[in-house]
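Enquirer: Structure supplied as protein33.cif; contents: mmCIF, C-alpha atoms.
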data_run
#
loop_
_atom_site.label_atom_id
_atom_site.label_comp_id
_atom_site.auth_asym_id
_atom_site.auth_seq_id
_atom_site.Cartn_x
_atom_site.Cartn_y
_atom_site.Cartn_z
CA MET A 1 21.76 11.55 -1.05
CA GLY A 2 21.09 7.96 0.04
CA ALA A 3 23.66 5.58 1.38
CA GLU A 4 25.84 3.80 -1.17
CA LEU A 5 24.55 0.37 -2.09
CA GLN A 6 26.54 -2.60 -0.83
CA LYS A 7 28.00 -5.00 -3.39
CA THR A 8 28.48 -8.75 -3.17
CA SER A 9 31.83 -10.33 -4.03
CA LEU A 10 30.27 -11.45 -7.35
CA HIS A 11 29.33 -7.92 -8.39
CA GLN A 12 31.94 -7.52 -11.13
CA LEU A 13 31.00 -10.90 -12.62
CA HIS A 14 27.37 -9.79 -12.84
CA LEU A 15 28.34 -6.58 -14.62
CA ALA A 16 30.58 -8.48 -17.04
CA SER A 17 27.65 -10.81 -17.83
CA GLY A 18 25.40 -7.87 -18.69
CA ALA A 19 23.08 -8.29 -15.73
CA ARG A 20 20.39 -5.68 -15.17
CA MET A 21 21.21 -4.43 -11.68
CA GLY A 22 18.93 -2.80 -9.14
CA ALA A 23 18.66 -1.85 -5.48
CA PHE A 24 17.32 -4.45 -3.05
CA ALA A 25 17.54 -4.24 0.76
CA GLY A 26 20.49 -1.86 0.51
CA TRP A 27 22.39 -3.99 -2.01
CA ASP A 28 23.10 -3.58 -5.73
CA MET A 29 21.79 -6.93 -6.96
CA PRO A 30 21.21 -8.60 -10.34
CA LEU A 31 17.52 -8.36 -11.19
CA SER A 32 17.79 -10.35 -14.43
CA TYR A 33 20.25 -11.50 -17.09
CA ALA A 34 18.68 -13.06 -20.21
CA GLY A 35 15.21 -12.13 -18.99
CA THR A 36 12.94 -13.27 -16.19
CA LEU A 37 10.90 -15.66 -18.33
CA ALA A 38 13.96 -17.55 -19.58
CA GLU A 39 15.54 -17.65 -16.13
CA HIS A 40 12.37 -18.85 -14.44
CA ARG A 41 11.80 -21.62 -16.98
CA ALA A 42 15.45 -22.70 -16.82
CA VAL A 43 15.13 -23.29 -13.07
CA ARG A 44 11.95 -25.32 -13.56
CA ALA A 45 13.37 -27.43 -16.42
CA HIS A 46 17.14 -27.49 -15.83
CA ALA A 47 18.92 -25.30 -13.26
CA GLY A 48 19.61 -21.71 -12.36
CA ALA A 49 22.22 -20.01 -10.20
CA PHE A 50 21.38 -17.05 -7.97
CA ASP A 51 23.74 -14.77 -6.08
CA VAL A 52 22.10 -14.53 -2.67
CA SER A 53 25.15 -13.20 -0.82
CA HIS A 54 23.04 -10.28 0.38
CA MET A 55 21.33 -12.57 2.87
CA GLY A 56 22.47 -12.35 6.48
CA GLN A 57 24.38 -15.01 8.43
CA ILE A 58 24.41 -14.84 12.23
CA GLU A 59 26.48 -17.25 14.28
CA ILE A 60 25.31 -18.25 17.79
CA ARG A 61 27.98 -19.91 19.92
CA GLY A 62 27.99 -20.94 23.58
CA TRP A 63 27.04 -23.80 25.87
CA ASP A 64 23.50 -22.41 26.23
CA ALA A 65 22.96 -21.56 22.54
CA ALA A 66 20.29 -24.24 22.05
CA GLU A 67 18.36 -23.14 25.13
CA PHE A 68 18.53 -19.52 23.99
CA LEU A 69 17.32 -20.30 20.46
CA GLN A 70 14.50 -22.39 21.88
CA ARG A 71 13.19 -19.17 23.44
CA MET A 72 13.95 -16.92 20.47
CA LEU A 73 12.62 -19.10 17.62
CA THR A 74 9.23 -20.70 17.04
CA ASN A 75 10.24 -24.17 15.91
CA ASP A 76 11.65 -26.81 18.25
CA ILE A 77 15.41 -26.49 17.80
CA ALA A 78 15.87 -29.72 19.80
CA ARG A 79 14.44 -31.66 16.86
CA ILE A 80 17.52 -31.11 14.73
CA VAL A 81 21.01 -32.52 15.17
CA PRO A 82 24.40 -31.45 13.75
CA GLY A 83 24.20 -31.50 9.96
CA GLU A 84 20.53 -30.50 9.82
CA GLY A 85 18.67 -27.23 9.27
CA GLN A 86 15.20 -26.06 10.23
CA TYR A 87 12.78 -23.45 8.90
CA THR A 88 11.64 -21.24 11.77
CA LEU A 89 10.56 -17.71 12.71
CA MET A 90 11.64 -14.99 15.09
CA LEU A 91 8.73 -13.14 16.71
CA ASN A 92 8.30 -9.88 18.60
CA THR A 93 6.36 -9.70 21.86
CA THR A 94 3.00 -9.24 20.08
CA GLY A 95 3.50 -12.32 17.90
CA GLY A 96 4.51 -10.40 14.77
CA VAL A 97 7.20 -11.84 12.53
CA ILE A 98 10.60 -10.16 12.87
CA ASP A 99 11.91 -12.61 10.26
CA ASP A 100 11.53 -16.09 8.83
CA LEU A 101 14.84 -17.89 8.59
CA ILE A 102 16.73 -21.17 8.55
CA ALA A 103 18.67 -22.34 11.60
CA TYR A 104 21.53 -24.77 10.97
CA ASP A 105 23.00 -26.93 13.74
CA ARG A 106 26.75 -27.05 13.08
CA GLY A 107 27.61 -28.95 16.24
CA ASP A 108 29.86 -26.34 17.85
CA ASP A 109 27.44 -23.52 17.03
CA TYR A 110 24.28 -22.56 15.18
CA LEU A 111 24.12 -20.53 11.98
CA LEU A 112 21.01 -18.46 11.27
CA VAL A 113 20.49 -17.45 7.64
CA VAL A 114 18.16 -14.45 7.67
CA ASN A 115 16.63 -12.10 5.13
CA ALA A 116 18.88 -9.28 3.93
CA SER A 117 16.47 -6.54 4.94
CA ASN A 118 16.14 -7.97 8.45
CA THR A 119 19.76 -8.78 9.32
CA GLY A 120 20.10 -5.72 11.55
CA ALA A 121 16.76 -6.28 13.27
CA CYS A 122 17.52 -9.94 13.96
CA LEU A 123 21.00 -9.17 15.25
CA ASP A 124 19.65 -6.42 17.51
CA TRP A 125 16.84 -8.62 18.89
CA LEU A 126 19.18 -11.52 19.61
CA THR A 127 21.84 -9.30 21.17
CA ARG A 128 19.35 -7.56 23.45
CA HIS A 129 17.96 -10.86 24.73
CA GLY A 130 21.10 -12.99 24.74
CA PRO A 131 22.56 -14.13 28.09
CA ASP A 132 26.03 -13.13 29.22
CA GLY A 133 28.71 -15.38 27.78
CA LEU A 134 26.81 -16.18 24.59
CA ALA A 135 28.70 -15.16 21.43
CA ILE A 136 26.40 -13.65 18.77
CA THR A 137 28.42 -12.75 15.68
CA ASP A 138 27.38 -11.23 12.35
CA ARG A 139 29.15 -13.24 9.61
CA SER A 140 27.22 -11.65 6.74
CA MET A 141 30.15 -9.77 5.20
CA GLU A 142 32.38 -12.84 5.51
CA THR A 143 30.08 -15.18 3.59
CA ALA A 144 29.21 -15.45 -0.10
CA MET A 145 26.11 -17.48 -0.89
CA ILE A 146 25.03 -19.04 -4.19
CA ALA A 147 21.70 -20.83 -4.69
CA LEU A 148 21.92 -23.61 -7.29
CA GLN A 149 18.33 -24.60 -7.96
CA GLY A 150 16.76 -27.05 -10.39
CA VAL A 151 16.52 -30.73 -11.26
CA ASP A 152 20.03 -30.75 -12.75
CA TRP A 153 21.73 -29.66 -9.52
CA LYS A 154 23.52 -32.96 -8.86
CA ARG A 155 25.21 -33.10 -12.26
CA LEU A 156 26.35 -29.50 -11.93
CA LEU A 157 27.59 -29.92 -8.38
CA SER A 158 29.43 -33.07 -9.37
CA GLY A 159 31.14 -31.04 -12.08
CA VAL A 160 32.75 -28.77 -9.47
CA GLY A 161 33.97 -31.66 -7.35
CA ALA A 162 31.14 -32.53 -4.95
CA SER A 163 31.55 -35.73 -2.96
CA ASP A 164 29.07 -38.62 -3.02
CA ARG A 165 28.04 -37.66 0.50
CA THR A 166 27.12 -34.15 -0.65
CA LEU A 167 25.24 -35.44 -3.68
CA GLY A 168 23.24 -37.72 -1.39
CA LEU A 169 22.17 -35.02 1.08
CA GLY A 170 18.58 -35.21 2.28
CA TYR A 171 16.25 -32.22 2.29
CA PHE A 172 17.27 -29.68 4.95
CA HIS A 173 20.57 -31.47 5.59
CA PHE A 174 24.00 -29.93 4.95
CA ALA A 175 27.67 -30.88 4.73
CA GLN A 176 31.07 -29.29 4.27
CA ASP A 177 32.76 -30.02 0.95
CA GLY A 178 35.52 -28.74 -1.30
CA LEU A 179 33.96 -27.32 -4.47
CA ALA A 180 36.20 -25.89 -7.21
CA GLY A 181 38.95 -25.21 -4.68
CA THR A 182 36.62 -23.50 -2.21
CA SER A 183 35.54 -24.52 1.27
CA ALA A 184 31.77 -24.78 0.97
CA MET A 185 28.87 -25.45 3.29
CA VAL A 186 26.37 -27.20 1.00
CA ALA A 187 22.77 -27.06 2.24
CA ARG A 188 19.83 -28.87 0.61
CA THR A 189 17.60 -25.85 0.96
CA GLY A 190 16.21 -23.18 -1.36
CA TYR A 191 13.41 -20.74 -2.17
CA THR A 192 12.23 -21.86 -5.61
CA GLY A 193 10.24 -25.04 -5.04
CA GLU A 194 12.76 -27.00 -7.09
CA PRO A 195 15.38 -29.41 -5.74
CA GLY A 196 18.78 -27.86 -5.27
CA VAL A 197 21.30 -26.50 -2.83
CA GLU A 198 22.54 -23.29 -1.28
CA LEU A 199 26.33 -22.93 -1.20
CA LEU A 200 27.98 -20.85 1.52
CA VAL A 201 31.68 -20.09 1.05
CA PRO A 202 34.14 -17.50 2.39
CA TRP A 203 33.40 -14.10 0.85
CA ASP A 204 36.49 -13.98 -1.37
CA GLU A 205 35.89 -17.50 -2.71
CA GLY A 206 32.45 -16.69 -4.12
CA PRO A 207 33.68 -15.54 -7.56
CA ALA A 208 35.76 -18.71 -8.06
CA LEU A 209 32.80 -20.98 -7.33
CA TRP A 210 30.39 -18.96 -9.50
CA SER A 211 32.91 -18.95 -12.38
CA ALA A 212 33.47 -22.70 -12.06
CA LEU A 213 29.73 -23.36 -12.29
CA MET A 214 29.42 -21.13 -15.34
CA ALA A 215 32.37 -22.87 -17.04
CA LEU A 216 30.68 -26.29 -16.96
CA ASP A 217 29.20 -27.93 -20.02
CA ASP A 218 25.52 -26.93 -20.15
CA PRO A 219 25.93 -24.62 -17.13
CA PRO A 220 23.15 -23.30 -14.91
CA GLU A 221 21.30 -20.22 -16.14
CA PRO A 222 22.39 -17.11 -14.20
CA ALA A 223 19.18 -15.86 -12.62
CA GLY A 224 18.20 -12.64 -10.88
CA LEU A 225 15.92 -11.62 -8.05
CA VAL A 226 12.86 -11.12 -10.27
CA ALA A 227 12.88 -14.79 -11.32
CA ARG A 228 13.49 -15.75 -7.69
CA ASP A 229 10.31 -13.85 -6.82
CA THR A 230 8.13 -15.45 -9.51
CA LEU A 231 9.42 -18.90 -8.60
CA ARG A 232 8.65 -18.51 -4.88
CA LEU A 233 5.23 -17.03 -5.66
CA GLU A 234 4.22 -20.07 -7.73
CA MET A 235 5.01 -22.14 -4.63
CA GLY A 236 3.30 -19.75 -2.25
CA TYR A 237 6.45 -19.16 -0.21
CA PRO A 238 5.97 -15.95 1.82
CA LEU A 239 8.18 -12.90 1.39
CA HIS A 240 8.90 -10.87 4.51
CA GLY A 241 7.77 -7.29 4.05
CA ASN A 242 4.98 -8.40 1.70
CA ASP A 243 3.22 -11.50 3.00
CA ILE A 244 4.55 -11.61 6.55
CA GLY A 245 5.83 -8.93 8.89
CA PRO A 246 5.79 -7.50 12.41
CA ASP A 247 2.05 -6.76 12.27
CA ARG A 248 0.96 -10.35 11.50
CA THR A 249 1.35 -13.60 13.41
CA PRO A 250 2.50 -16.80 11.68
CA LEU A 251 -0.97 -18.29 12.18
CA GLU A 252 -2.68 -15.89 9.76
CA ALA A 253 0.12 -16.57 7.27
CA GLY A 254 -0.41 -20.33 7.38
CA LEU A 255 2.93 -20.89 9.10
CA GLY A 256 1.58 -22.49 12.25
CA TRP A 257 3.35 -25.71 11.21
CA ALA A 258 6.67 -23.93 11.95
CA CYS A 259 5.53 -22.99 15.48
CA ASP A 260 5.85 -25.66 18.15
CA MET A 261 3.15 -24.52 20.55
CA ASP A 262 4.38 -26.93 23.22
CA THR A 263 7.62 -24.95 23.65
CA GLU A 264 8.01 -21.61 25.42
CA PHE A 265 9.17 -19.19 22.74
CA THR A 266 8.59 -15.44 22.56
CA ALA A 267 4.85 -14.61 22.26
CA VAL A 268 3.74 -18.25 22.29
CA ASP A 269 0.91 -17.20 24.65
CA VAL A 270 -0.28 -14.70 22.06
CA LEU A 271 -0.37 -17.42 19.41
CA ARG A 272 -2.16 -19.85 21.72
CA ALA A 273 -4.83 -17.25 22.43
CA ARG A 274 -5.19 -16.35 18.75
CA ARG A 275 -5.58 -20.00 17.84
CA GLU A 276 -8.23 -20.43 20.53
CA GLU A 277 -10.30 -17.42 19.51
CA GLY A 278 -10.02 -18.10 15.77
CA LEU A 279 -8.48 -16.14 12.93
CA ALA A 280 -10.23 -13.19 11.33
CA GLU A 281 -8.06 -13.33 8.19
CA ARG A 282 -5.86 -15.85 6.41
CA LEU A 283 -3.20 -15.67 3.73
CA CYS A 284 -4.29 -17.56 0.66
CA ALA A 285 -3.25 -18.07 -2.96
CA PHE A 286 -5.33 -17.09 -5.96
CA VAL A 287 -5.25 -17.33 -9.75
CA LEU A 288 -6.84 -14.81 -12.09
CA THR A 289 -9.45 -16.29 -14.42
CA GLU A 290 -9.17 -13.25 -16.71
CA ARG A 291 -6.12 -11.63 -18.26
CA GLY A 292 -4.34 -9.29 -15.90
CA ILE A 293 -1.44 -9.00 -13.48
CA PRO A 294 -2.27 -8.47 -9.80
CA ARG A 295 0.01 -6.32 -7.66
CA ARG A 296 0.57 -5.70 -3.98
CA GLY A 297 -2.04 -3.48 -2.29
CA GLN A 298 -4.89 -4.15 -4.72
CA ASP A 299 -8.30 -4.93 -3.25
CA VAL A 300 -9.80 -8.41 -3.15
CA LEU A 301 -13.56 -8.32 -3.76
CA VAL A 302 -16.47 -10.70 -3.22
CA ASP A 303 -19.80 -9.58 -4.70
CA GLY A 304 -18.35 -6.10 -5.07
CA GLU A 305 -17.37 -5.84 -1.39
CA VAL A 306 -13.75 -5.50 -0.27
CA CYS A 307 -12.79 -8.58 1.73
CA GLY A 308 -8.99 -8.42 1.66
CA ALA A 309 -5.87 -7.16 -0.06
CA VAL A 310 -3.17 -8.57 -2.33
CA THR A 311 0.24 -8.91 -0.66
CA SER A 312 2.19 -10.34 -3.64
CA GLY A 313 1.23 -10.63 -7.27
CA SER A 314 2.79 -11.35 -10.66
CA LEU A 315 2.38 -13.12 -13.97
CA SER A 316 3.18 -16.81 -13.56
CA PRO A 317 5.69 -17.82 -16.27
CA THR A 318 4.67 -21.47 -15.84
CA LEU A 319 0.88 -21.03 -15.86
CA ASP A 320 0.82 -17.88 -18.05
CA VAL A 321 -1.84 -16.29 -15.83
CA GLY A 322 -1.84 -13.73 -13.06
CA ILE A 323 -1.28 -15.21 -9.61
CA GLY A 324 -0.87 -13.87 -6.11
CA LEU A 325 -1.16 -14.11 -2.37
CA ALA A 326 -3.68 -12.11 -0.35
CA TYR A 327 -5.02 -11.77 3.16
CA VAL A 328 -8.78 -12.29 3.05
CA ARG A 329 -11.52 -12.84 5.60
CA THR A 330 -11.38 -16.42 6.84
CA GLU A 331 -14.79 -17.32 5.44
CA VAL A 332 -13.55 -16.38 1.95
CA ALA A 333 -10.25 -18.29 2.13
CA GLU A 334 -11.57 -21.72 1.11
CA PRO A 335 -10.04 -23.03 -2.16
CA GLY A 336 -12.54 -22.83 -4.98
CA THR A 337 -14.08 -19.56 -3.74
CA GLU A 338 -14.67 -17.11 -6.58
CA ILE A 339 -13.25 -13.66 -5.91
CA ALA A 340 -12.21 -10.63 -7.94
CA ILE A 341 -9.15 -8.39 -7.90
CA ASP A 342 -9.31 -4.66 -8.56
CA VAL A 343 -6.41 -4.39 -11.01
CA ARG A 344 -5.86 -0.66 -11.49
CA GLY A 345 -9.57 0.04 -11.58
CA SER A 346 -10.47 -2.95 -13.73
CA VAL A 347 -12.18 -5.77 -11.84
CA LYS A 348 -10.72 -9.16 -12.82
CA GLY A 349 -12.25 -12.50 -11.92
CA ALA A 350 -10.13 -14.85 -9.80
CA GLU A 351 -10.35 -18.00 -7.70
CA ILE A 352 -8.81 -19.07 -4.39
CA ARG A 353 -6.52 -22.09 -4.98
CA HIS A 354 -4.61 -24.69 -3.02
CA LEU A 355 -0.83 -24.35 -2.72
CA PRO A 356 1.46 -24.89 -4.43
CA LEU A 357 0.10 -23.28 -7.56
CA VAL A 358 2.78 -25.14 -9.54
CA ASP A 359 3.11 -28.73 -8.38
CA THR A 360 6.82 -29.27 -7.79
CA SER A 361 8.68 -30.51 -4.73
CA PRO A 362 12.11 -29.42 -3.52
CA LYS A 363 12.39 -32.74 -1.66
CA LYS A 364 12.73 -34.69 -4.91
CA GLY A 365 15.97 -35.15 -6.81
#
Would you write the structure of this file as structure tokens?
Expert:
Amino acid sequence: MGAELQKTSLHQLHLASGARMGAFAGWDMPLSYAGTLAEHRAVRAHAGAFDVSHMGQIEIRGWDAAEFLQRMLTNDIARIVPGEGQYTLMLNTTGGVIDDLIAYDRGDDYLLVVNASNTGACLDWLTRHGPDGLAITDRSMETAMIALQGVDWKRLLSGVGASDRTLGLGYFHFAQDGLAGTSAMVARTGYTGEPGVELLVPWDEGPALWSALMALDDPPEPAGLVARDTLRLEMGYPLHGNDIGPDRTPLEAGLGWACDMDTEFTAVDVLRARREEGLAERLCAFVLTERGIPRRGQDVLVDGEVCGAVTSGSLSPTLDVGIGLAYVRTEVAEPGTEIAIDVRGSVKGAEIRHLPLVDTSPKKG
């Protein structure tokens, strides 16, 4: 018998709302409520609310925390100041991705928000490499996290008491605020491609904030992990375990922009050498030109020859066509290249496309 699934502090509210629940990264999470199509479209046109309390939060505290993170993470942590966050990656010694994450500079410490499935691996890696005197603390079970995503986020946040400062936050900035009687860290970040915020509150305060959002006039649509996946795929945001992982460097995944090659982070020499010698494969986006739904593991073909494999695939609710991400040989990865996907034995025409596949920007609004 497998281990019992963990439950977020919002679990009972999801059950009461009739959510379809399912296992994800060891958690019992809402997969959908009204249906993925409705939830996806609500986020694109209005707003949706996601329980993402399963994600990990790791606090790094100490006088040498910045120096330590400069070595552990790929981006230049010195570029951010208190009140700002940064997308970055944690690599193993061969340049593979342990996790992609957001690092927040809180002044007295740093908070790393990591993927649920990688919380243990990140904590172990940091603990094994951390200097004496540095406090590395797992805050995951102390923190509830709600993603409020969509163009209507300001009106909704205002409805639960957000200050003008919070409503004016720039992209990848954050602030502390009192929302619906809770003590919230409000971050202008997200994983949908739409403008919005992620709200981090003490674990026991999560239900109060979720309920306050749902009690508003024209509230956000409760949305599950399936809609979160289709939204991120339309933007081409990578998913660890599918599109990135310990056997691939960020360069193949198109994440070189999050790697400051002038700093001395773990495996930077590997990345410098890989960049110098050239990449054999690249992660690219594609759209089917025939009806079909691509799935992970299916072959990518050019003139009948296998040239890569799908890492993520789905039906795009916005475009109403099959879309996906795939690693293909570099010479095939140019947008406009005609390819085919072997969808369960049926070869479907497709084309490599520029990202994002749906033209939205989380920086707006």
Enquirer: Any idea what the distance is between atom CA of Asn242 of chain A and atom CA of Ala227 of chain A?
Expert: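 Separation between atom CA of Asn242 of chain A and atom CA of Ala227 of chain A: 16.5 Å.
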Enquirer: Nearest residue to Gly107 of chain A out of A:Leu91, A:Ile80, A:Ala121, A:Leu301, using all atoms listed in the file?
Expert: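 Using all atoms listed in the file, Gly107 of chain A sits closest to A:Ile80.
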Enquirer: For Cys259 of chain A, which residue out of A:Gly304, A:Gly35, A:Gly297, A:Gly95 is the nearest one, using all atoms listed in the file?
Expert: A:Gly95
Enquirer: Compare A:Ile77, A:Leu126, A:Leu37, A:Leu213 by their minimum atom-to-atom distance to Ile58 of chain A, counting all atoms listed in the file, and give me the closest one.
Expert: A:Leu126
Enquirer: Can you turn the PyMOL selection byres ((chain A and resi 237) around 10) into a concrete residue list for this file, as a VMD selection string?
Expert: chain A and resid 191 to 193 229 231 to 236 238 to 240 243 325 355 to 356
Enquirer: For this structure, which residues satisfy the selection - the PyMOL selection byres ((chain A and resi 187) around 10) - when it is evaluated on the file as given? I want them as number ranges by chain.
Expert: A: 83-85, 104, 147, 166, 169-176, 184-186, 188-190, 196-200
Enquirer: Just how far from atom CA of Ala45 of chain A is atom CA of Trp257 of chain A, in Å to one decimal?
Expert: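 Going from atom CA of Trp257 of chain A over to atom CA of Ala45 of chain A, I get 29.4 Å.
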Enquirer: Selected by the PyMOL selection byres ((chain A and resi 206) around 8) in the shown coordinates: which residues, as a list of chain:residue names?
Expert: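 Those residues are A:Ser9, A:Leu10, A:Ala144, A:Met145, A:Ile146, A:Val201, A:Pro202, A:Trp203, A:Asp204, A:Glu205, A:Pro207, A:Ala208, A:Leu209, A:Trp210.
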Enquirer: Please indicate the distance in Å from atom CA of Val332 of chain A to atom CA of Val300 of chain A, rounded to one decimal place.
Expert: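 We find that atom CA of Val332 of chain A and atom CA of Val300 of chain A lie 10.2 Å from each other.
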Enquirer: Between A:Gln149, A:Ser32, A:Thr74, A:Ser53, which has the minimum distance to Gly365 of chain A (counting all atoms listed in the file)?
Expert: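 Closest candidate: A:Gln149.
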Enquirer: Pick the closest to Ala350 of chain A from A:Pro362, A:Pro317, A:Pro294, A:Pro82: which is it, counting all atoms listed in the file?
Expert: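 The answer is A:Pro294, which sits nearest to Ala350 of chain A.
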